[in-house]
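What follows is one structure encoded as structure tokens, with my remarks underneath.
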2 protein chains.
Amino acid sequence: MTESTRPMRRQDIRRENEKAILLAAEKVFAEAGFGGATMQLIADLAGLPKANLHYYFATKEELYRSVVQNIFEIWLQAANCFDAARGPIDGISAYIDAKMEISRRHPDGSKVWASEVMHGAPVLQDYMESILREWTDGRVEIIRRWIEEGKMDPVDPRHLLYMLWATTQHYADFGHQIETLNGGKPLSDRQWREAKENIKRVILTGIGAQPA
Amino acid sequence: MTESTRPMRRQDIRRENEKAILLAAEKVFAEAGFGGATMQLIADLAGLPKANLHYYFATKEELYRSVVQNIFEIWLQAANCFDAARGPIDGISAYIDAKMEISRRHPDGSKVWASEVMHGAPVLQDYMESILREWTDGRVEIIRRWIEEGKMDPVDPRHLLYMLWATTQHYADFGHQIETLNGGKPLSDRQWREAKENIKRVILTGIGAQPA
DNA sequence: TTGCATCCTGACCGTATGGTCAGCTTTCAG
DNA sequence: CTGAAAGCTGACCATACGGTCAGGATGCAA
């Protein structure tokens, strides 16, 4: 029973190892923070010797940067839901769904992202000042237009966006608290659905965008 | 010019030093996380030699625990706003005000608390399973009663609470992001007021508790 | 098959960190 | 005034961590 000694192609090796390392790193960084994470722990979780990590990622900082950039890209992707929409009901609904899905599917990445921002975004400052700001300004403009067109109440677009980020992100970052208050069990499919519906309902009603 | 060599009383010395250490620790833990924080940094910030820290707090863990418990108590205090209220408008308004004030006045503590929960609440697990759960259950009951009395729409009380926590906490934990998107400047008094008003308005309207 | 680039890793190193301790100074009760 | 308790600290230690490196193993193009 030799465990299928397929002679991996070079490309595959690299891709698979990088993937394994990034996955392990995401988890360890999420659980311990940047300072508390150790290359040894990440290596163990990835099933590789520590020295091998340094072959793929020269430094801990570089590895961390990769992890953060990964989640940032996922985060930005969800943001597109906003653009296609014709009004606040479609747009905000879709955005909440997308961000909640991220909180559910990538809780570790979400935590790393939150941690990074909480600590002053030492790695992502550039992104925040360019890409994020641009994206935000664009979305603010869209919301402003919706308000002008009478599709929703005149709510401050920025604070509305913060509210969307906060409520959805919360289910990842504070997942442990939610789980504890849920009797120690993770939210079920139904509970996730309820969470999404509640958020959507309260916010859409709150901004006067609910279909009369 | 001997800098006012008042001969401090023993009690005062202890209280003042503990206070200085806790304040410095809160800041360093908030900025670097538990793993990234160093006793040396905390000592420098507190203006004391490192060995002196260990005189008051035996270990880094013990110091961290004190910081976390401090903020948890502040957090719980704000929770009382809920009880005195006669309806959702009073109660939720007051709670949002209180929690926003915490985010503004104790951003470091808020971050430490968020970090603690994000990393699985290694220190606070007991509190969460007893005090926090109790508090939450009580508040859920209050909200349920408000719904029964027709004072607000039938929104899931738990998810409503999460929403309150999330939106208010966000202004502390993601303060750096908000500041960056605000042109690099901290929110002004007016902007804080607007933030509070927006949150209150959207949520209260969202749950159908706005005075007709 | 050969040669080489890529991949891999055990052993090692310098440093920084949490923590200790012996011995000093200061407060203060009796 | 005196002695003991409380407060203080420079110097020290063991450990753990990020990172290095020499040299071996492996795939792959020619």
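Letters for chains follow the order of the structure tokens (A, B, ...), residue numbers begin at 1 for each chain, and ligand numbers begin at 1 in the order shown.
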Using only C-alpha atoms (C1' of nucleotides), find which residues of chain D lie within 9 Å of chain B and jot them down as a PDB file with N, CA and C atoms (P, O5', C5', C4', C3', O3' and C1' of nucleotides), in the first residue's frame.
```pdb
ATOM      1  P    DA D   6       3.887  43.347  53.232  1.00  0.00           P
ATOM      2  O5'  DA D   6       4.288  44.539  52.264  1.00  0.00           O
ATOM      3  C5'  DA D   6       3.870  45.866  52.567  1.00  0.00           C
ATOM      4  C4'  DA D   6       4.518  46.824  51.599  1.00  0.00           C
ATOM      5  C3'  DA D   6       4.328  46.449  50.128  1.00  0.00           C
ATOM      6  O3'  DA D   6       3.772  47.572  49.465  1.00  0.00           O
ATOM      7  C1'  DA D   6       6.611  46.885  50.607  1.00  0.00           C
ATOM      8  P    DG D   7       3.547  47.529  47.894  1.00  0.00           P
ATOM      9  O5'  DG D   7       4.900  48.144  47.354  1.00  0.00           O
ATOM     10  C5'  DG D   7       5.186  49.516  47.618  1.00  0.00           C
ATOM     11  C4'  DG D   7       6.523  49.860  47.007  1.00  0.00           C
ATOM     12  C3'  DG D   7       6.597  49.638  45.490  1.00  0.00           C
ATOM     13  O3'  DG D   7       7.017  50.858  44.890  1.00  0.00           O
ATOM     14  C1'  DG D   7       8.465  48.699  46.569  1.00  0.00           C
ATOM     15  P    DC D   8       7.083  50.918  43.290  1.00  0.00           P
ATOM     16  O5'  DC D   8       8.579  50.487  42.989  1.00  0.00           O
ATOM     17  C5'  DC D   8       9.639  51.334  43.445  1.00  0.00           C
ATOM     18  C4'  DC D   8      10.956  50.674  43.133  1.00  0.00           C
ATOM     19  C3'  DC D   8      11.189  50.365  41.652  1.00  0.00           C
ATOM     20  O3'  DC D   8      12.109  51.321  41.164  1.00  0.00           O
ATOM     21  C1'  DC D   8      12.023  48.656  43.109  1.00  0.00           C
ATOM     22  P    DT D   9      12.286  51.431  39.584  1.00  0.00           P
ATOM     23  O5'  DT D   9      13.472  50.414  39.326  1.00  0.00           O
ATOM     24  C5'  DT D   9      14.703  50.614  39.989  1.00  0.00           C
ATOM     25  C4'  DT D   9      15.661  49.497  39.641  1.00  0.00           C
ATOM     26  C3'  DT D   9      15.655  49.073  38.168  1.00  0.00           C
ATOM     27  O3'  DT D   9      16.982  49.055  37.705  1.00  0.00           O
ATOM     28  C1'  DT D   9      15.554  47.195  39.565  1.00  0.00           C
TER      29       DT D   9
END
```
Q: Report as a PyMOL selection string the set of chain C residues whose atoms approach chain A to within 10 Å, with distances computed over only C-alpha atoms (C1' of nucleotides).
A: chain C and resi 6-10
Restricting the output to C-alpha atoms (C1' of nucleotides), write the selected residues as a PDB file, in the first residue's frame.
```
ATOM      1  C1'  DT C   6      14.062  22.830  -8.926  1.00  0.00           C
ATOM      2  C1'  DC C   7      12.735  20.944  -4.730  1.00  0.00           C
ATOM      3  C1'  DC C   8      13.650  19.528  -0.124  1.00  0.00           C
ATOM      4  C1'  DT C   9      15.462  19.344   4.767  1.00  0.00           C
ATOM      5  C1'  DG C  10      18.214  18.406   9.216  1.00  0.00           C
TER       6       DG C  10
END
```
Q: Would you mind listing what lies within 8 Å of A:Cys81 as a list of chain:residue names, with only C-alpha atoms (C1' of nucleotides) counted and same-chain residues fewer than 5 positions away left out?
A: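 Listing them by chain and then by number gives A:Gly91, A:Ala94, A:Tyr95, A:Ala98.
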Using only C-alpha atoms, find each residue in stretch 29-141 of chain A having at least one atom no more than 7 Å away from stretch 158-170 of chain A; report its shortest atom-to-atom pair and that distance in Å (one decimal), rows by chain then rising number, as a tab-separated table.
```
residue	atom	partner	partner_atom	distance
A:Ile96	CA	A:Thr168	CA	6.8
A:Lys99	CA	A:Thr168	CA	6.0
A:Met100	CA	A:Thr168	CA	5.4
A:Ser103	CA	A:Gln169	CA	6.1
A:Val140	CA	A:Arg158	CA	6.4
```
Chain A contacts on chain B, only C-alpha atoms, 7 Å, as a compact mmCIF listing (two decimals) with N, CA and C atoms, in the first residue's frame:
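The new file part_27.txt reads:
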```txt
# COMPACT_ATOMS: atom_id res chain seq x y z
N GLU B 31 -2.75 47.13 19.94
CA GLU B 31 -2.00 47.43 18.71
C GLU B 31 -1.26 46.22 18.16
N ALA B 32 -0.83 45.33 19.04
CA ALA B 32 0.02 44.24 18.58
C ALA B 32 -0.59 42.86 18.79
N GLY B 33 -1.72 42.80 19.49
CA GLY B 33 -2.27 41.49 19.83
C GLY B 33 -1.50 40.88 20.98
N GLY B 35 0.08 38.00 21.23
CA GLY B 35 1.35 37.41 20.83
C GLY B 35 2.39 38.44 20.44
N GLY B 36 1.94 39.52 19.83
CA GLY B 36 2.88 40.53 19.36
C GLY B 36 3.30 41.51 20.44
N LYS B 111 -10.82 46.79 21.09
CA LYS B 111 -10.03 45.94 20.20
C LYS B 111 -9.51 44.71 20.93
N VAL B 117 -12.17 37.52 21.64
CA VAL B 117 -13.26 36.69 21.14
C VAL B 117 -12.86 36.03 19.82
N MET B 118 -12.21 36.81 18.96
CA MET B 118 -11.81 36.29 17.66
C MET B 118 -10.90 35.08 17.77
N HIS B 119 -10.09 35.08 18.81
CA HIS B 119 -9.15 33.97 18.97
C HIS B 119 -9.71 32.85 19.85
N GLY B 120 -11.03 32.87 19.98
CA GLY B 120 -11.66 31.76 20.68
C GLY B 120 -11.83 31.98 22.17
N GLU B 129 -19.85 31.85 28.91
CA GLU B 129 -20.81 30.77 29.12
C GLU B 129 -21.72 31.03 30.32
N ARG B 133 -24.07 34.81 28.59
CA ARG B 133 -25.24 34.04 28.15
C ARG B 133 -26.49 34.46 28.92
N VAL B 155 -38.93 40.65 14.91
CA VAL B 155 -37.57 40.39 14.43
C VAL B 155 -36.92 39.40 15.39
N ASP B 156 -36.07 38.53 14.87
CA ASP B 156 -35.38 37.58 15.75
C ASP B 156 -34.52 38.37 16.75
N HIS B 159 -30.51 37.88 16.58
CA HIS B 159 -29.85 38.52 15.44
C HIS B 159 -29.92 40.04 15.56
N MET B 163 -26.67 42.47 15.69
CA MET B 163 -26.60 43.63 14.83
C MET B 163 -26.19 44.87 15.63
N ALA B 166 -22.52 44.45 16.53
CA ALA B 166 -21.66 44.58 15.35
C ALA B 166 -21.51 46.03 14.93
N THR B 167 -22.64 46.70 14.74
CA THR B 167 -22.58 48.05 14.19
C THR B 167 -21.84 49.01 15.11
N HIS B 170 -18.01 48.04 15.51
CA HIS B 170 -17.29 48.30 14.27
C HIS B 170 -16.53 49.62 14.29
N ASP B 173 -13.26 48.73 16.36
CA ASP B 173 -12.37 47.73 15.78
C ASP B 173 -11.87 48.13 14.40
N PHE B 174 -12.75 48.69 13.60
CA PHE B 174 -12.37 49.09 12.25
C PHE B 174 -12.17 50.60 12.16
N HIS B 176 -9.58 52.29 12.23
CA HIS B 176 -8.51 52.68 11.32
C HIS B 176 -9.01 52.77 9.88
N GLN B 177 -9.81 51.80 9.50
CA GLN B 177 -10.37 51.80 8.15
C GLN B 177 -11.26 53.02 7.95
N THR B 180 -9.20 56.07 7.60
CA THR B 180 -8.59 56.15 6.28
C THR B 180 -9.59 56.63 5.24
N LEU B 181 -10.80 56.07 5.29
CA LEU B 181 -11.82 56.46 4.32
C LEU B 181 -12.35 57.86 4.61
N ALA B 195 -23.12 59.31 12.95
CA ALA B 195 -23.03 57.85 12.95
C ALA B 195 -24.09 57.26 13.87
N ASN B 198 -27.59 57.76 12.47
CA ASN B 198 -27.86 56.87 11.35
C ASN B 198 -28.18 55.45 11.81
N VAL B 202 -31.82 53.74 11.23
CA VAL B 202 -31.98 52.56 10.37
C VAL B 202 -32.52 51.39 11.18
N ILE B 203 -31.95 51.16 12.33
CA ILE B 203 -32.38 49.99 13.10
C ILE B 203 -33.79 50.16 13.65
N THR B 205 -36.18 52.13 12.65
CA THR B 205 -37.13 52.05 11.53
C THR B 205 -37.23 50.61 11.04
N GLY B 206 -36.07 49.97 10.99
CA GLY B 206 -36.00 48.62 10.46
C GLY B 206 -36.81 47.60 11.25
N ILE B 207 -36.93 47.84 12.55
CA ILE B 207 -37.70 46.91 13.36
C ILE B 207 -39.12 47.43 13.63
```
Q | Long-range neighbours of D:DT15 as number ranges by chain, 12 Å cut-off, only C-alpha atoms (C1' of nucleotides), 5 positions minimum in chain | A | C: 15-19
(Q) Excluding A:Arg139 and its own-chain neighbours fewer than 4 positions away, which residues fall within 8 Å of it when counting only C-alpha atoms (C1' of nucleotides)? Please give them as a PyMOL selection string. (A) chain A and resi 82+135+143
Output the selection as a PDB file, in the first residue's frame - C-alpha atoms for each residue.
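As a result, result_5.pdb now contains:
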```pdb
ATOM      1  CA  PHE A  82     -23.516  46.113  -5.922  1.00  0.00           C
ATOM      2  CA  TRP A 135     -14.537  51.272  -4.345  1.00  0.00           C
ATOM      3  CA  ILE A 143     -26.372  54.956  -3.059  1.00  0.00           C
TER       4      ILE A 143
END
```
Q: Would you mind reading off the distance between atom CA of B:Ile142 and atom CA of B:Arg104, one decimal, in Å?
A: 27.1 Å
Q: Identify, with DSSP run on backbone atoms, the residues in stretch 50-129 of chain B assigned to helix (DSSP H, G or I), and express the list as JSON, numbers by chain.
A: {"B": [50, 51, 52, 53, 54, 55, 56, 60, 61, 62, 63, 64, 65, 66, 67, 68, 69, 70, 71, 72, 73, 74, 75, 76, 77, 78, 81, 82, 83, 84, 88, 89, 90, 91, 92, 93, 94, 95, 96, 97, 98, 99, 100, 101, 102, 103, 104, 105, 107, 108, 109, 110, 111, 112, 113, 114, 115, 116, 117, 118, 125, 126, 127, 128, 129]}
Q: For A:Arg65, list every protein, DNA or RNA residue within 10 Å, evaluated using only C-alpha atoms (C1' of nucleotides), and leave out those in the same chain fewer than 3 positions away; present the list as a ChimeraX atom specification.
A: /A:59-62,68-70,116,122-124
Q) What separation in Å, quoted to one decimal, exists between atom CA of A:Ile42 and atom CA of A:Val28? A) 6.3 Å
Q: Show which residues sit within 12 Å of C:DC28, as a ChimeraX atom specification. Count only C-alpha atoms (C1' of nucleotides), and ignore same-chain residues fewer than 3 positions away.
A: /B:7-11 /D:2-6
